[in-house]
$ cat my_file17.txt   # compact mmCIF, C-alpha atoms
# COMPACT_ATOMS: atom_id res chain seq x y z
CA MET F 1 126.73 -81.42 -82.81
CA THR F 2 126.32 -82.35 -79.19
CA LEU F 3 126.87 -79.90 -76.40
CA PRO F 4 129.82 -80.34 -74.04
CA GLU F 5 128.92 -81.99 -70.76
CA TYR F 6 129.84 -79.03 -68.63
CA ILE F 7 127.53 -76.70 -70.52
CA LYS F 8 124.65 -79.09 -70.03
CA GLU F 9 125.38 -79.26 -66.32
CA TYR F 10 125.63 -75.50 -66.11
CA VAL F 11 122.32 -75.02 -67.90
CA ALA F 12 120.61 -77.59 -65.69
CA GLU F 13 121.71 -75.73 -62.58
CA TRP F 14 120.81 -72.37 -64.05
CA ALA F 15 117.35 -73.63 -65.01
CA LYS F 16 116.78 -75.04 -61.56
CA GLU F 17 117.46 -71.67 -60.00
CA ARG F 18 114.90 -70.05 -62.24
CA GLY F 19 112.40 -72.90 -62.08
CA LEU F 20 112.18 -73.45 -65.82
CA LYS F 21 109.95 -76.14 -67.23
CA LYS F 22 111.36 -79.19 -68.96
CA LYS F 23 110.11 -78.06 -72.34
CA GLU F 24 111.70 -74.66 -71.93
CA ILE F 25 115.04 -76.18 -71.00
CA GLU F 26 114.96 -78.42 -74.05
CA GLU F 27 114.19 -75.46 -76.24
CA PHE F 28 117.03 -73.48 -74.77
CA LEU F 29 119.47 -76.33 -75.26
CA LYS F 30 118.39 -76.59 -78.87
CA PHE F 31 119.04 -72.89 -79.30
CA LEU F 32 122.46 -73.28 -77.73
CA GLU F 33 123.32 -76.15 -80.03
CA GLU F 34 122.36 -74.09 -83.05
CA TYR F 35 124.37 -71.15 -81.73
CA ILE F 36 127.49 -73.25 -81.26
CA ARG F 37 127.09 -74.78 -84.70
CA GLU F 38 126.91 -71.35 -86.26
CA ASN F 39 130.04 -70.25 -84.47
CA ALA F 40 132.05 -73.36 -85.17
CA VAL F 41 134.95 -73.25 -87.60
CA ASP F 42 133.83 -73.90 -91.18
CA PRO F 43 134.91 -77.12 -92.84
CA TRP F 44 138.33 -76.78 -94.52
CA GLU F 45 139.05 -73.51 -92.83
CA ALA F 46 142.84 -73.02 -92.64
CA ILE F 47 143.03 -72.81 -88.87
CA GLY F 48 146.80 -72.97 -88.84
CA ILE F 49 147.04 -69.57 -90.50
CA VAL F 50 144.46 -68.13 -88.13
CA THR F 51 146.48 -69.43 -85.18
CA ALA F 52 149.74 -68.10 -86.57
CA GLN F 53 148.29 -64.65 -87.01
CA SER F 54 146.47 -64.65 -83.71
CA LEU F 55 149.68 -65.47 -81.88
CA GLY F 56 152.00 -63.45 -84.09
CA GLU F 57 150.21 -60.11 -84.01
CA PRO F 58 150.19 -59.66 -80.22
CA ALA F 59 153.76 -60.94 -80.09
CA THR F 60 154.76 -58.16 -82.49
CA GLN F 61 153.04 -55.62 -80.27
CA ALA F 62 154.88 -56.96 -77.24
CA THR F 63 158.21 -56.71 -79.05
CA LEU F 64 157.52 -53.12 -80.02
CA ARG F 65 156.51 -52.17 -76.52
CA THR F 66 159.54 -53.61 -74.81
CA PHE F 67 161.39 -56.87 -74.94
CA HIS F 68 161.54 -57.30 -71.21
CA MET F 69 159.17 -56.72 -68.40
CA ALA F 70 160.46 -54.31 -65.80
CA GLY F 71 160.73 -55.02 -62.09
CA SER F 72 159.23 -58.05 -60.45
CA ALA F 73 159.64 -59.57 -57.04
CA GLU F 74 160.27 -63.15 -55.83
CA VAL F 75 161.89 -65.71 -58.12
CA SER F 76 161.97 -63.83 -61.39
CA VAL F 77 160.91 -66.09 -64.22
CA ALA F 78 161.72 -65.32 -67.83
CA SER F 79 158.61 -63.66 -69.15
CA GLY F 80 157.21 -61.96 -72.19
CA MET F 81 158.76 -62.55 -75.58
CA ASP F 82 161.80 -64.34 -74.16
CA ARG F 83 159.65 -67.03 -72.63
CA ILE F 84 157.35 -67.37 -75.64
CA LEU F 85 160.32 -67.90 -77.94
CA GLU F 86 161.82 -70.40 -75.50
CA ILE F 87 158.69 -72.54 -75.57
CA VAL F 88 157.97 -72.27 -79.28
CA ASP F 89 161.57 -73.04 -80.19
CA GLY F 90 161.53 -76.00 -77.82
CA LEU F 91 164.76 -75.01 -76.10
CA LYS F 92 166.24 -77.61 -73.80
CA LYS F 93 168.17 -75.14 -71.69
CA ILE F 94 165.80 -72.49 -70.47
CA GLN F 95 166.74 -69.22 -68.82
CA THR F 96 164.99 -69.76 -65.53
CA PRO F 97 164.18 -73.36 -64.74
CA VAL F 98 161.65 -73.33 -61.93
CA MET F 99 159.76 -76.00 -60.05
CA TYR F 100 156.48 -75.52 -58.25
CA VAL F 101 156.51 -78.02 -55.43
CA TYR F 102 153.18 -78.74 -53.76
CA LEU F 103 153.33 -80.41 -50.39
CA ASN F 104 151.38 -83.12 -48.66
CA PRO F 105 149.82 -82.41 -45.29
CA PRO F 106 150.99 -81.47 -42.72
CA TYR F 107 153.78 -79.71 -44.59
CA ASN F 108 151.45 -77.60 -46.70
CA LYS F 109 149.83 -75.88 -43.69
CA ASP F 110 152.83 -75.46 -41.43
CA GLU F 111 155.18 -72.74 -42.60
CA GLU F 112 158.00 -73.86 -40.31
CA LYS F 113 157.89 -77.43 -41.56
CA ALA F 114 157.67 -76.29 -45.17
CA ARG F 115 160.69 -74.08 -44.64
CA GLU F 116 162.66 -76.89 -43.12
CA PHE F 117 161.82 -79.15 -46.03
CA ALA F 118 162.74 -76.43 -48.51
CA ARG F 119 166.13 -76.07 -46.88
CA SER F 120 166.74 -79.79 -47.15
CA LEU F 121 166.15 -79.58 -50.90
CA GLU F 122 168.83 -77.04 -51.66
CA GLU F 123 171.85 -78.68 -53.13
CA ILE F 124 175.01 -78.09 -51.14
CA ILE F 125 178.37 -79.10 -52.52
CA VAL F 126 181.74 -78.90 -50.83
CA SER F 127 182.77 -75.72 -52.63
CA ASP F 128 179.70 -73.97 -51.15
CA ILE F 129 180.99 -74.35 -47.59
CA ALA F 130 184.74 -74.73 -48.09
CA VAL F 131 187.72 -73.82 -50.21
CA VAL F 132 189.74 -76.63 -51.72
CA LYS F 133 193.45 -75.84 -52.01
CA GLU F 134 196.06 -77.92 -53.77
CA ASP F 135 199.78 -77.97 -53.18
CA PHE F 136 201.46 -79.61 -56.14
CA VAL F 137 204.93 -79.62 -54.55
CA LYS F 138 204.03 -81.19 -51.23
CA LYS F 139 201.28 -83.24 -52.88
CA THR F 140 198.61 -82.21 -50.42
CA ILE F 141 195.02 -81.16 -50.75
CA THR F 142 193.58 -79.01 -47.97
CA ILE F 143 189.92 -78.29 -47.54
CA VAL F 144 189.36 -75.15 -45.49
CA PHE F 145 185.81 -75.04 -44.19
CA ASN F 146 183.93 -71.80 -43.73
CA LYS F 147 182.41 -71.92 -40.24
CA LYS F 148 179.87 -69.19 -40.88
CA GLU F 149 178.50 -70.82 -44.01
CA ILE F 150 178.25 -74.16 -42.28
CA GLU F 151 176.22 -72.68 -39.43
CA ARG F 152 174.02 -70.62 -41.75
CA ARG F 153 173.11 -73.60 -43.88
CA GLY F 154 172.77 -75.95 -40.93
CA VAL F 155 175.20 -78.53 -42.26
CA ASP F 156 176.38 -81.39 -40.07
CA ILE F 157 180.17 -81.23 -40.32
CA LYS F 158 180.64 -84.84 -39.18
CA ALA F 159 178.51 -86.11 -42.04
CA VAL F 160 180.54 -84.02 -44.44
CA ILE F 161 183.80 -85.48 -43.18
CA LYS F 162 182.36 -88.96 -43.50
CA LYS F 163 181.41 -88.28 -47.12
CA ILE F 164 184.88 -87.00 -47.92
CA GLU F 165 186.48 -89.95 -46.16
CA GLY F 166 184.48 -92.23 -48.40
CA LYS F 167 186.49 -90.78 -51.25
CA VAL F 168 189.98 -90.21 -49.82
CA LYS F 169 191.52 -90.67 -46.39
CA GLY F 170 192.92 -87.68 -44.56
CA SER F 171 192.97 -85.99 -41.19
CA PHE F 172 190.53 -83.43 -39.83
CA ASP F 173 191.61 -80.63 -37.52
CA GLU F 174 188.52 -79.80 -35.47
CA LYS F 175 189.88 -76.55 -34.09
CA LYS F 176 190.85 -74.99 -37.37
CA TYR F 177 188.11 -76.68 -39.40
CA VAL F 178 190.65 -77.89 -41.92
CA TYR F 179 190.78 -81.26 -43.62
CA LYS F 180 194.19 -82.31 -44.87
CA ILE F 181 194.93 -85.04 -47.38
CA GLN F 182 198.46 -86.30 -47.99
CA LEU F 183 198.75 -87.94 -51.38
CA PRO F 184 201.47 -90.35 -52.50
CA LYS F 185 204.53 -88.52 -53.88
CA ASP F 186 204.42 -90.28 -57.23
CA MET F 187 200.85 -89.25 -58.05
CA PRO F 188 200.57 -87.56 -61.47
CA LEU F 189 199.50 -83.92 -61.42
CA MET F 190 196.55 -84.55 -63.73
CA LYS F 191 195.15 -87.17 -61.41
CA MET F 192 195.59 -84.87 -58.45
CA ARG F 193 193.81 -82.03 -60.19
CA LYS F 194 190.90 -84.28 -61.07
CA LEU F 195 190.65 -85.47 -57.49
CA ALA F 196 190.55 -81.93 -56.17
CA GLN F 197 187.87 -80.98 -58.65
CA SER F 198 185.73 -83.97 -57.78
CA LEU F 199 186.09 -83.04 -54.12
CA GLU F 200 184.87 -79.53 -54.88
CA ARG F 201 181.79 -80.90 -56.58
CA LEU F 202 181.08 -83.52 -53.93
CA GLN F 203 177.43 -83.31 -53.00
CA ILE F 204 176.70 -83.04 -49.31
CA SER F 205 172.95 -82.74 -49.16
CA GLY F 206 169.89 -81.72 -51.11
CA LEU F 207 168.82 -82.61 -54.63
CA LYS F 208 171.05 -82.31 -57.63
CA GLY F 209 170.41 -79.18 -59.66
CA ILE F 210 168.37 -77.24 -57.12
CA LYS F 211 170.01 -73.95 -56.35
CA ARG F 212 167.43 -72.19 -54.20
CA ALA F 213 164.14 -73.22 -52.63
CA LEU F 214 161.72 -70.63 -51.33
CA VAL F 215 158.48 -71.05 -49.43
CA LYS F 216 155.53 -69.14 -50.79
CA LYS F 217 151.90 -68.87 -49.76
CA GLU F 218 149.40 -69.80 -52.40
CA GLY F 219 145.77 -69.74 -51.37
CA ASP F 220 145.58 -71.35 -47.95
CA GLU F 221 148.65 -73.55 -48.30
CA PHE F 222 152.39 -73.18 -48.54
CA ILE F 223 154.21 -74.24 -51.65
CA ILE F 224 157.89 -74.25 -52.53
CA THR F 225 159.30 -72.65 -55.63
CA THR F 226 162.79 -73.69 -56.59
CA SER F 227 165.27 -72.30 -59.04
CA GLY F 228 166.92 -75.19 -60.78
CA THR F 229 164.88 -78.29 -61.44
CA ASN F 230 164.98 -81.98 -60.74
CA LEU F 231 161.45 -83.22 -61.24
CA LYS F 232 162.22 -86.91 -61.23
CA ALA F 233 163.89 -86.83 -57.83
CA ILE F 234 161.41 -84.54 -56.16
CA LEU F 235 158.37 -86.58 -57.16
CA LYS F 236 159.81 -89.48 -55.17
CA LYS F 237 159.92 -87.49 -51.90
CA LYS F 238 157.15 -88.46 -49.53
CA GLU F 239 156.60 -84.87 -48.39
CA VAL F 240 155.75 -83.82 -51.93
CA ASP F 241 152.31 -83.96 -53.49
CA HIS F 242 153.22 -85.95 -56.61
CA THR F 243 149.94 -85.15 -58.34
CA ARG F 244 150.47 -81.41 -58.65
CA THR F 245 154.19 -80.68 -58.51
CA TYR F 246 155.64 -79.61 -61.83
CA SER F 247 158.60 -77.91 -63.48
CA ASN F 248 158.49 -75.31 -66.24
CA ASN F 249 160.90 -77.20 -68.44
CA ILE F 250 158.88 -78.79 -71.23
CA HIS F 251 161.52 -81.37 -72.07
CA GLU F 252 161.87 -82.43 -68.47
CA VAL F 253 158.11 -82.83 -68.09
CA ALA F 254 157.96 -84.81 -71.34
CA GLU F 255 160.61 -87.12 -69.99
CA VAL F 256 159.15 -87.62 -66.53
CA LEU F 257 155.39 -87.31 -67.07
CA GLY F 258 155.03 -88.04 -70.76
CA ILE F 259 154.25 -86.17 -73.94
CA GLU F 260 150.61 -85.49 -73.06
CA ALA F 261 151.67 -83.71 -69.88
CA ALA F 262 154.17 -81.72 -71.92
CA ARG F 263 151.41 -80.66 -74.29
CA TYR F 264 149.38 -79.41 -71.36
CA LEU F 265 152.39 -77.57 -70.00
CA ILE F 266 153.06 -75.88 -73.36
CA ILE F 267 149.51 -74.50 -73.37
CA GLU F 268 149.66 -73.31 -69.79
CA GLU F 269 153.13 -71.78 -70.05
CA LEU F 270 152.35 -70.00 -73.33
CA TYR F 271 149.12 -68.72 -71.84
CA LYS F 272 150.98 -67.47 -68.78
CA ALA F 273 153.60 -65.78 -70.95
CA TYR F 274 150.97 -64.04 -73.09
CA MET F 275 148.87 -63.04 -70.10
CA GLY F 276 151.99 -61.79 -68.34
CA ALA F 277 152.47 -59.35 -71.20
CA LYS F 278 148.77 -58.48 -70.96
CA LEU F 279 147.98 -59.99 -74.32
CA LEU F 280 144.70 -61.81 -74.71
CA VAL F 281 144.97 -65.01 -76.71
CA ASP F 282 142.40 -67.77 -77.00
CA LYS F 283 143.53 -71.08 -75.56
CA ARG F 284 142.36 -72.92 -78.68
CA HIS F 285 145.18 -71.34 -80.66
CA LEU F 286 147.69 -72.39 -78.05
CA ALA F 287 146.24 -75.89 -78.05
CA LEU F 288 146.81 -76.14 -81.78
CA VAL F 289 150.43 -75.07 -81.38
CA ALA F 290 150.92 -77.58 -78.59
CA ASP F 291 149.30 -80.37 -80.61
CA ALA F 292 151.55 -79.62 -83.58
CA MET F 293 154.62 -79.56 -81.36
CA THR F 294 153.87 -82.90 -79.74
CA ALA F 295 152.32 -84.85 -82.66
CA ARG F 296 155.56 -86.72 -83.33
CA GLY F 297 155.82 -88.04 -79.80
CA VAL F 298 158.77 -85.76 -79.09
CA ILE F 299 158.89 -82.00 -78.69
CA THR F 300 159.27 -80.51 -82.15
CA PRO F 301 160.13 -76.83 -82.31
CA ILE F 302 158.26 -74.53 -84.66
CA GLY F 303 160.54 -73.02 -87.29
CA ARG F 304 163.17 -74.14 -89.72
CA THR F 305 164.65 -76.82 -87.49
CA GLY F 306 161.26 -78.22 -86.57
CA ILE F 307 157.81 -78.27 -88.09
CA ALA F 308 158.42 -75.81 -90.94
CA GLY F 309 161.71 -77.46 -91.85
CA ARG F 310 160.19 -80.93 -92.05
CA LYS F 311 157.33 -80.23 -94.42
CA GLY F 312 156.90 -82.74 -97.18
CA SER F 313 156.97 -80.21 -99.98
CA VAL F 314 160.18 -78.72 -101.34
CA LEU F 315 158.55 -75.49 -102.44
CA ALA F 316 156.90 -74.98 -99.07
CA ARG F 317 160.24 -75.37 -97.30
CA ALA F 318 162.05 -73.14 -99.79
CA ALA F 319 159.38 -70.47 -99.40
CA PHE F 320 159.99 -70.29 -95.67
CA GLU F 321 163.72 -70.06 -94.91
CA GLU F 322 167.03 -71.25 -96.36
CA THR F 323 165.66 -71.18 -99.91
CA ASN F 324 168.91 -72.08 -101.67
CA LYS F 325 169.67 -75.02 -99.42
CA HIS F 326 166.32 -76.66 -99.97
CA LEU F 327 166.25 -76.10 -103.74
CA VAL F 328 169.79 -77.36 -104.25
CA GLU F 329 169.21 -80.43 -102.08
CA ALA F 330 165.91 -81.20 -103.76
CA SER F 331 167.44 -81.06 -107.22
CA ALA F 332 170.41 -83.15 -106.14
CA TRP F 333 168.19 -85.84 -104.65
CA ASN F 334 165.56 -85.80 -107.39
CA GLU F 335 162.75 -84.76 -105.08
CA VAL F 336 159.21 -84.55 -106.38
CA ASP F 337 156.68 -82.01 -105.17
CA HIS F 338 153.18 -83.42 -105.23
CA LEU F 339 151.55 -80.02 -104.73
CA LYS F 340 149.39 -81.24 -101.89
CA GLY F 341 149.78 -78.35 -99.49
CA ILE F 342 148.77 -74.71 -99.53
CA VAL F 343 152.08 -72.92 -100.06
CA GLU F 344 153.21 -74.95 -103.07
CA ASN F 345 149.89 -74.38 -104.83
CA LEU F 346 150.13 -70.66 -104.19
CA ILE F 347 153.59 -70.60 -105.74
CA VAL F 348 152.58 -72.41 -108.91
CA GLY F 349 149.34 -70.44 -109.14
CA LEU F 350 146.79 -73.18 -108.58
CA PRO F 351 143.72 -72.86 -106.38
CA ILE F 352 144.67 -73.84 -102.83
CA LYS F 353 143.10 -76.90 -101.26
CA ALA F 354 141.56 -75.15 -98.30
CA GLY F 355 138.40 -73.20 -97.63
CA THR F 356 136.24 -72.82 -100.70
CA GLY F 357 139.04 -74.23 -102.84
CA ARG F 358 138.48 -77.61 -101.25
CA VAL F 359 134.78 -78.10 -101.86
CA LYS F 360 133.22 -79.02 -105.16
CA LEU F 361 129.68 -78.37 -106.28
CA LYS F 362 127.41 -81.14 -107.34
CA MET F 363 124.39 -80.35 -109.42
CA LYS F 364 121.13 -81.93 -108.38
CA LEU F 365 119.62 -83.20 -111.61
CA ARG F 366 115.91 -83.45 -111.81
CA MET Q 1 148.21 -91.25 -49.14
CA ALA Q 2 151.84 -92.07 -48.62
CA SER Q 3 151.17 -95.78 -48.40
CA LYS Q 4 149.75 -95.87 -51.92
CA LYS Q 5 152.11 -96.57 -54.77
CA ARG Q 6 153.05 -93.41 -56.58
CA SER Q 7 152.17 -93.32 -60.22
CA ILE Q 8 152.65 -90.56 -62.74
CA LEU Q 9 149.16 -91.35 -64.03
CA ASP Q 10 147.81 -89.58 -60.93
CA HIS Q 11 149.39 -86.31 -61.95
CA VAL Q 12 146.98 -83.55 -62.92
CA PHE Q 13 148.90 -82.89 -66.13
CA VAL Q 14 148.48 -86.46 -67.35
CA PRO Q 15 145.08 -87.11 -68.93
CA LYS Q 16 143.21 -90.36 -68.37
CA ALA Q 17 144.74 -92.94 -70.67
CA ARG Q 18 143.89 -96.47 -71.73
CA ILE Q 19 144.90 -98.91 -74.43
CA LEU Q 20 142.24 -99.49 -77.08
CA SER Q 21 141.24 -103.00 -78.08
CA LYS Q 22 141.65 -104.10 -81.70
CA GLU Q 23 137.98 -103.58 -82.50
CA GLU Q 24 138.00 -100.13 -80.96
CA VAL Q 25 141.08 -99.17 -82.98
CA GLU Q 26 139.37 -100.20 -86.19
CA GLU Q 27 136.30 -98.24 -85.25
CA VAL Q 28 138.35 -95.12 -84.56
CA LEU Q 29 140.25 -95.43 -87.83
CA ARG Q 30 137.01 -95.92 -89.74
CA LYS Q 31 135.34 -93.00 -87.98
CA TYR Q 32 138.09 -90.53 -88.85
CA ARG Q 33 138.98 -92.21 -92.17
CA VAL Q 34 142.68 -92.38 -91.43
CA SER Q 35 145.30 -95.07 -91.28
CA LYS Q 36 147.33 -95.78 -88.17
CA GLU Q 37 150.36 -93.90 -89.50
CA ASN Q 38 148.34 -90.70 -89.67
CA LEU Q 39 147.55 -90.67 -85.97
CA PRO Q 40 149.65 -88.52 -83.65
CA LYS Q 41 152.46 -90.50 -82.12
CA ILE Q 42 153.79 -91.36 -78.72
CA LEU Q 43 157.15 -92.92 -78.01
CA GLU Q 44 157.44 -96.45 -76.69
CA THR Q 45 159.67 -95.04 -73.96
CA ASP Q 46 157.11 -92.46 -72.86
CA PRO Q 47 156.42 -92.82 -69.12
CA VAL Q 48 152.68 -93.14 -69.68
CA VAL Q 49 153.19 -95.92 -72.23
CA VAL Q 50 155.58 -97.71 -69.89
CA GLU Q 51 153.11 -97.41 -67.03
CA LEU Q 52 150.26 -98.79 -69.13
CA GLY Q 53 152.44 -101.53 -70.56
CA ALA Q 54 151.53 -100.71 -74.16
CA LYS Q 55 153.49 -102.13 -77.07
CA LYS Q 56 154.51 -100.83 -80.47
CA GLY Q 57 151.48 -100.36 -82.70
CA ASP Q 58 148.98 -100.01 -79.88
CA VAL Q 59 146.63 -97.05 -79.93
CA ILE Q 60 146.18 -95.14 -76.70
CA GLU Q 61 143.11 -93.09 -75.96
CA PHE Q 62 143.53 -89.95 -73.88
CA ILE Q 63 140.57 -88.20 -72.34
CA ARG Q 64 141.70 -84.65 -71.83
CA ASN Q 65 140.08 -82.01 -69.73
CA SER Q 66 139.71 -79.18 -72.17
CA PRO Q 67 138.96 -75.63 -71.06
CA VAL Q 68 136.60 -75.07 -73.99
CA ALA Q 69 135.04 -78.42 -74.72
CA GLY Q 70 134.95 -79.87 -71.21
CA LYS Q 71 136.24 -83.22 -72.34
CA SER Q 72 138.05 -84.09 -75.51
CA ILE Q 73 139.31 -87.41 -76.75
CA TYR Q 74 142.68 -87.78 -78.41
CA TYR Q 75 144.40 -90.79 -79.88
CA ARG Q 76 148.08 -91.57 -80.17
CA VAL Q 77 149.76 -94.55 -81.72
CA VAL Q 78 152.79 -96.04 -79.98
CA ILE Q 79 155.96 -96.00 -82.07

$ encode --input "my_file17.txt" --output "structure tokens"
Amino acid sequence: MTLPEYIKEYVAEWAKERGLKKKEIEEFLKFLEEYIRENAVDPWEAIGIVTAQSLGEPATQATLRTFHMAGSAEVSVASGMDRILEIVDGLKKIQTPVMYVYLNPPYNKDEEKAREFARSLEEIIVSDIAVVKEDFVKKTITIVFNKKEIERRGVDIKAVIKKIEGKVKGSFDEKKYVYKIQLPKDMPLMKMRKLAQSLERLQISGLKGIKRALVKKEGDEFIITTSGTNLKAILKKKEVDHTRTYSNNIHEVAEVLGIEAARYLIIEELYKAYMGAKLLVDKRHLALVADAMTARGVITPIGRTGIAGRKGSVLARAAFEETNKHLVEASAWNEVDHLKGIVENLIVGLPIKAGTGRVKLKMKLR
Amino acid sequence: MASKKRSILDHVFVPKARILSKEEVEEVLRKYRVSKENLPKILETDPVVVELGAKKGDVIEFIRNSPVAGKSIYYRVVI
């Protein structure tokens, strides 16, 4: 067993402070090595069970206490049990998708500039600043702009008109802020409806999917938190620090940054969720969960649709959930259980192949 | 900074990655007594794999920064 690099470095520094001799340092390192070896997990220890219990027990406590956390300021992120379940079940649609956008200088030190950039991120569509009305008899579509909204959001009306004109031609009344489109009389109603709807959704500025962007101070720099995510697009912006910006959607991160990044995010987000509920959990347990969830190269949820439902053994699957389904299917397809895992051996009453059940004694003959 | 080409490999979430040579792969498999199929997997379409230019069957070594062990090495086979 060799010591981790960072412990060696730490000890070296610590010894320097105290002026220890070389021999003493070596002795201490030896002691440390022995200590770590003694505390290491035993060979064949069933760490999966230990992890399951270590994560499950505090989760039960949190459920008993209360399912939700009361009152919190700023962008409220799903927390507590809700969030833990979201991650562990590998949900694609999460309750509160959030991005943490770090900025490059000078944006990260200047609040005004950061704010301006944040505003430019917010997605604005036509229906945010106007009402689209259809007249099916006269075959006209009128877009009535809301002057107040336009001023509040700082939208350039000329650019908006240009965007609309790229789609359909019409006339703009600058006094009334109304855009009128006369359609041909023989246009089918369905087509007209679709056109109106596409006009409503027409994007004017910002990034797709980002609903709000707020500037927040973190340490000595300003960062932007957004509700709604679009990691791929934001990493391309030159104002954004592409080495630190991330979203809390595991699937999105897996897609944009890869499965290893997703694994890291699972650990961090689970840790945050547990710590948020004031539950202490060792990161090694979370790392095991994350490794299991990402071992296939894609995010695999824990539970009957994921890891537990894809076990090789019929009995192990039947013991977990949907017993009838698995037994019926196994008999129909002539499945064989090789009794290699823990659960199946427990069921048939054999010693399990873990812990002391895994090792065999060899006599030393003299 | 802005003049440099942006790569996802620079992201703090992405551990240092490299493709192992054939000899190194064999050594790893021998060391852990496993076959390639037993290694954790990574998709061929994964952004990191694309960036590295790895092909199906390659083994990629990740050097993670671990909070408990300092550094830990992990292997994934491209599928």

$ closest_atom_pairs --input "my_file17.txt" --of "chain F" --to "chain Q" --cutoff "10 Å" --atoms "all atoms listed in the file" --output "CSV"
residue,atom,partner,partner_atom,distance
F:Leu3,CA,Q:Ala69,CA,8.5
F:Pro4,CA,Q:Ala69,CA,5.6
F:Glu5,CA,Q:Gly70,CA,6.4
F:Tyr6,CA,Q:Gly70,CA,5.8
F:Ile7,CA,Q:Gly70,CA,8.1
F:Asn104,CA,Q:Met1,CA,8.7
F:Pro105,CA,Q:Met1,CA,9.8
F:Leu235,CA,Q:Arg6,CA,8.7
F:Lys236,CA,Q:Arg6,CA,7.9
F:Lys237,CA,Q:Ala2,CA,9.8
F:Lys238,CA,Q:Ala2,CA,6.5
F:Glu239,CA,Q:Ala2,CA,8.6
F:Val240,CA,Q:Ala2,CA,9.7
F:Asp241,CA,Q:His11,CA,9.3
F:His242,CA,Q:His11,CA,6.6
F:Thr243,CA,Q:His11,CA,3.8
F:Arg244,CA,Q:Val12,CA,5.9
F:Thr245,CA,Q:His11,CA,8.2
F:Tyr246,CA,Q:Phe13,CA,8.6
F:Val253,CA,Q:Phe13,CA,9.4
F:Ala254,CA,Q:Asp46,CA,7.8
F:Glu255,CA,Q:Asp46,CA,7.0
F:Val256,CA,Q:Pro47,CA,6.4
F:Leu257,CA,Q:Pro47,CA,6.0
F:Gly258,CA,Q:Pro47,CA,5.2
F:Ile259,CA,Q:Asp46,CA,7.0
F:Glu260,CA,Q:Val14,CA,6.2
F:Ala261,CA,Q:Phe13,CA,4.7
F:Ala262,CA,Q:Phe13,CA,7.9
F:Arg263,CA,Q:Phe13,CA,8.8
F:Tyr264,CA,Q:Phe13,CA,6.3
F:Leu265,CA,Q:Phe13,CA,7.4
F:Asp282,CA,Q:Val68,CA,9.8
F:Lys283,CA,Q:Pro67,CA,7.9
F:Arg284,CA,Q:Val68,CA,7.7
F:Ala287,CA,Q:Ser66,CA,9.4
F:Asp291,CA,Q:Pro40,CA,8.7
F:Ala292,CA,Q:Pro40,CA,9.1
F:Thr294,CA,Q:Pro40,CA,8.0
F:Ala295,CA,Q:Pro40,CA,4.6
F:Arg296,CA,Q:Lys41,CA,5.0
F:Gly297,CA,Q:Ile42,CA,4.0
F:Val298,CA,Q:Leu43,CA,7.4

$ axis_aligned_box --input "my_file17.txt" --around "segment 39-56 of chain Q" --padding-each-side "6 Å" --output "lines of an AutoDock Vina configuration file"
center_x = 153.6
center_y = -95.3
center_z = -76.5
size_x = 24.1
size_y = 25.6
size_z = 30.9

$ closest_residue --input "my_file17.txt" --among "Q:Lys5, Q:Val34, Q:Glu27, Q:Leu20" --to "Lys55 of chain Q" --atoms "all atoms listed in the file"
Q:Leu20

$ residues_near_point --input "my_file17.txt" --point "(149.2, -59.8, -79.0)" --cutoff "10 Å" --atoms "only C-alpha atoms" --output "list in words"
Gln53, Ser54, Leu55, Gly56, Glu57, Pro58, Ala59, Thr60, Gln61, Ala62, Thr63, Tyr274, Met275, Ala277, Lys278, Leu279, Leu280 and Val281 of chain F

$ atom_distance --input "my_file17.txt" --atom1 "atom CA of Gly170 of chain F" --atom2 "atom CA of Leu207 of chain F"
26.6 Å

$ residues_around --input "my_file17.txt" --residues "Ala319 of chain F" --least-positions-apart "5" --cutoff "12 Å" --atoms "all atoms listed in the file" --output "list in words"
Arg304, Ala308, Gly309, Lys311, Ser313, Val314, Asn324, Lys325, His326, Leu327, Ile342, Val343, Glu344, Asn345, Leu346, Ile347 and Val348 of chain F

$ atom_distance --input "my_file17.txt" --atom1 "atom CA of Asp89 of chain F" --atom2 "atom CA of Ile299 of chain F"
9.5 Å

$ residues_around --input "my_file17.txt" --residues "segment 17-30 of chain F" --least-positions-apart "2" --cutoff "12 Å" --atoms "all atoms listed in the file" --output "ChimeraX atom specification"
/F:1-5,7-15,32-37

$ residues_around --input "my_file17.txt" --residues "Ile19 of chain Q" --least-positions-apart "5" --cutoff "9 Å" --atoms "all atoms listed in the file" --output "JSON, numbers by chain"
{"Q": [52, 53, 54, 58, 59, 60, 61]}

$ write_last_selection --input "my_file17.txt" --atoms "C-alpha atoms" --output "PDB file, in the frame of the given file"
ATOM      1  CA  LEU Q  52     150.260 -98.790 -69.130  1.00  0.00           C
ATOM      2  CA  GLY Q  53     152.440-101.530 -70.560  1.00  0.00           C
ATOM      3  CA  ALA Q  54     151.530-100.710 -74.160  1.00  0.00           C
ATOM      4  CA  ASP Q  58     148.980-100.010 -79.880  1.00  0.00           C
ATOM      5  CA  VAL Q  59     146.630 -97.050 -79.930  1.00  0.00           C
ATOM      6  CA  ILE Q  60     146.180 -95.140 -76.700  1.00  0.00           C
ATOM      7  CA  GLU Q  61     143.110 -93.090 -75.960  1.00  0.00           C
TER       8      GLU Q  61
END

$ atom_distance --input "my_file17.txt" --atom1 "atom CA of Tyr177 of chain F" --atom2 "atom CA of Ile143 of chain F"
8.5 Å

$ closest_residue --input "my_file17.txt" --among "F:Phe145, F:Met192, F:Met99, F:Met293" --to "Asn230 of chain F" --atoms "all atoms listed in the file"
F:Met99
